[in-house]
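Visitor: Below is a structure I'd like to ask you about.
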Amino acid sequence: MILITGGTGFIGSYLQAELTKRGHRTAIVDWLGNEGKWRNIAGHPPAQLIAPEALEAFLATDPAIEMVYHLGAISETTATDGDVVWRTNVALSRRLWDWCAARKVRLVYASSAATYGDGAQGFDDDPALLRTLKPLNLYGWSKHVFDLEVMKLVADARAVPPQWVGLKFFNVYGPNEYHKGRMISVVKVKYDELAAGAPARLFRSDQPDLADGAQARDFIWVGDVVDVMLWLLDAPQVSGLFNLGTGTARTYLDLAHAVCDAMGVAHRIEFIDMPAALKGQYQSFTQGSMDRLRTAGYAGQFTSLEDGIRNYVQAYLMSDNAYH
């Protein structure tokens with residue numbers, strides 16, 4: 001059996017669908033809540049659904065788990081409750097690490113490109129550079145803390161899972177993200193604006209040397225993210241901390257134009273002021289170095305922004321079934 005924390009969420013439910021197609025039995029640790037998350041797994045329910053508060057009791061039964069994908073987290077970049085974030089993003093991660101190490105269970109966990117802060121130190125996933133990073137928000141800091149802890153455990157030759165991988169997710173978009181509220185992808189937000197007859201609204205630049213709409217991110221299609229995670233299932237010899245983006249930064253203006261094109265509407269863009277809550281915490285550029293993942297053996301190709309958005313819009317958002 002494969003255990004997925006956060007398995008009714010965005011990336012977790014997409015992974016759950018693909019594992020089910022492969023014939024794997026899965027157990028999901030998550031809440032369904034009141035936001036329609038049940039629809040994310042409606043077509044591929046797990047063998048077990050475990051409430052997070054029941055996880056400790058479940059682990060105490062010593063279940064026959066082959067691999068843990070630890071994707072559950074407080075992922076809001078605007079989160080402010082440090083104690084809740086620590087318990088969820090750091091303490092729980094360490095508990096699962098220790099459990100996997102003791103029982104020789106493989107572990108893949110979600111880190112984040114938010115650990116890179118404003119990018120002044122670059123986006124190189126070399127563990128030797130970890131201590132130079134300065135996350136801009138509580139969420140990014142919590143992910144950074146656990147990355148640092150993992151690398152110290154490895155360096156000190158402490159007990160580690162037989163395979164351990166941390167993935168620094170960049171800007172993921174695609175189906176099954178509809179419950180995410182303010183953290184939903186920019187692709188879906190722009191689609192909703194255009195579908196309502198409004199222009200696609202982008203933040204004005206808060207940097208004098210950067211044009212409006214020229215802010216750029218490494219946007220990655222959720223199917224590509226899951227392909228990497230499935231490859232890791234098939235490559236137990238691979239361990240380490242890796243970026244998971246495409247290696248190519250694209251501007252928000254590129255993204256808005258791609259959404260317009262996928263919908264078959266004219267390019268209508270409006271620039272608005274950035275909310276005060278985001279100023280000083282906004283990454284104007286991200287681009288993951290993918291060299292280490294390639295060196296580790298991953299040969300899959302990443303979907304272009306235009307192709308990914310076209311697939312998302314036409315195969316999901318404009319279809320009768322928006323879920324994967």
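FYI, nothing fancy with the structure tokens labels: chains A, B, ... in order, residues from 1 per chain, ligands from 1 as they appear.
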Got a sec: who's within 6 Å of Ile2 of chain A, counting only C-alpha atoms, leaving out chain neighbours fewer than 2 positions off, as a list in words?
Guide: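 These residues fall inside the cut-off: Thr26, Ile65, Glu66, Met67 and Val68 of chain A.
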Visitor: Tell me, which residues of segment 48-162 of chain A carry DSSP strand (DSSP E or B), written as a list in words?
Guide: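 The residues of segment 48-162 of chain A classed as strand (DSSP E or B) are Gln48, Leu49, Ile50, Met67, Val68, Tyr69, His70, Arg106, Leu107, Val108, Tyr109, Ala110, Ser111 and Ser112 of chain A.
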Visitor: When you look at Glu193 of chain A with a cut-off of 12 Å (counting only C-alpha atoms), what residues show up, excluding the ones that are within fewer than 3 positions of it in the same chain? I need them as a PyMOL selection string.
Guide: chain A and resi 186-190+196-202+256+259-260+263+265+268-270
Visitor: For the residues selected in the previous step, produce a file with C-alpha atoms as a compact mmCIF listing (two decimals), in the first residue's frame.
Guide:
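To be explicit, this is the file written out as result03.txt:
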# COMPACT_ATOMS: atom_id res chain seq x y z
CA VAL A 186 -3.12 32.14 -11.49
CA VAL A 187 -4.22 30.13 -14.53
CA LYS A 188 -7.58 29.30 -12.94
CA VAL A 189 -8.03 32.87 -11.66
CA LYS A 190 -7.43 34.33 -15.12
CA ALA A 196 -17.06 36.28 -16.57
CA GLY A 197 -16.41 38.78 -19.39
CA ALA A 198 -13.80 40.75 -17.46
CA PRO A 199 -10.19 41.35 -18.52
CA ALA A 200 -7.41 39.22 -17.09
CA ARG A 201 -6.05 41.26 -14.18
CA LEU A 202 -2.34 41.24 -13.37
CA ALA A 256 -2.58 35.57 -19.45
CA VAL A 259 -5.32 31.54 -21.24
CA CYS A 260 -6.96 33.93 -23.72
CA MET A 263 -10.38 30.12 -24.56
CA VAL A 265 -10.93 35.22 -26.77
CA ARG A 268 -7.69 41.68 -22.65
CA ILE A 269 -5.26 42.56 -19.86
CA GLU A 270 -5.70 45.06 -17.02
Visitor: Find, counting only C-alpha atoms, the residue in A:Asp227, A:Gly297, A:Asn137, A:Asp212 that gets nearest to Asp273 of chain A.
Guide: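 Looking only at the distances to Asp273 of chain A, the closest residue turns out to be A:Asp212.
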Visitor: Near Gly72 of chain A, counting only C-alpha atoms, which residues have an atom at most 10 Å away, once you skip same-chain residues fewer than 5 positions from it, shown as a short mmCIF file (atom, residue, chain, number, x, y, z; two decimals) with N, CA and C atoms, in the first residue's frame?
Guide:
data_model
loop_
_atom_site.label_atom_id
_atom_site.label_comp_id
_atom_site.auth_asym_id
_atom_site.auth_seq_id
_atom_site.Cartn_x
_atom_site.Cartn_y
_atom_site.Cartn_z
N ILE A 4 -0.58 8.50 1.13
CA ILE A 4 -0.48 9.86 0.61
C ILE A 4 -1.08 10.81 1.63
N THR A 5 -0.27 11.65 2.26
CA THR A 5 -0.84 12.69 3.09
C THR A 5 -1.24 13.85 2.17
N GLY A 6 -2.35 14.50 2.51
CA GLY A 6 -2.87 15.53 1.62
C GLY A 6 -3.44 14.94 0.34
N GLY A 7 -3.90 13.70 0.41
CA GLY A 7 -4.29 12.97 -0.79
C GLY A 7 -5.61 13.36 -1.41
N THR A 8 -6.42 14.19 -0.72
CA THR A 8 -7.63 14.71 -1.37
C THR A 8 -7.39 16.11 -1.92
N GLY A 9 -6.19 16.62 -1.75
CA GLY A 9 -5.86 17.95 -2.23
C GLY A 9 -5.48 17.95 -3.70
N ILE A 11 -2.40 18.29 -5.74
CA ILE A 11 -1.40 17.38 -6.30
C ILE A 11 -1.63 15.96 -5.80
N GLY A 12 -2.01 15.84 -4.53
CA GLY A 12 -2.22 14.51 -3.96
C GLY A 12 -3.30 13.72 -4.66
N VAL A 29 -4.35 10.31 3.86
CA VAL A 29 -4.49 11.02 5.12
C VAL A 29 -4.93 12.44 4.79
N ASP A 30 -6.17 12.76 5.11
CA ASP A 30 -6.68 14.09 4.78
C ASP A 30 -8.10 14.24 5.32
N PRO A 52 -6.46 13.20 9.64
CA PRO A 52 -5.13 13.51 10.17
C PRO A 52 -4.99 13.27 11.67
N THR A 88 2.32 21.29 11.67
CA THR A 88 1.92 20.61 10.45
C THR A 88 3.09 20.42 9.49
N ASN A 89 3.87 21.48 9.28
CA ASN A 89 4.90 21.44 8.24
C ASN A 89 6.26 20.95 8.71
N LEU A 92 5.16 17.24 12.06
CA LEU A 92 4.57 16.07 11.42
C LEU A 92 5.52 15.47 10.40
N SER A 93 6.21 16.32 9.67
CA SER A 93 7.18 15.82 8.68
C SER A 93 8.28 15.01 9.37
N TYR A 109 8.73 13.75 0.10
CA TYR A 109 8.00 14.83 0.77
C TYR A 109 8.04 16.11 -0.06
N ALA A 110 7.04 16.95 0.17
CA ALA A 110 6.92 18.21 -0.56
C ALA A 110 7.67 19.32 0.16
#
Visitor: Enter the distance from atom CA of Asp126 of chain A to atom CA of Gly247 of chain A, in Å, rounded to one decimal.
Guide: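 A separation of 14.8 Å between them.
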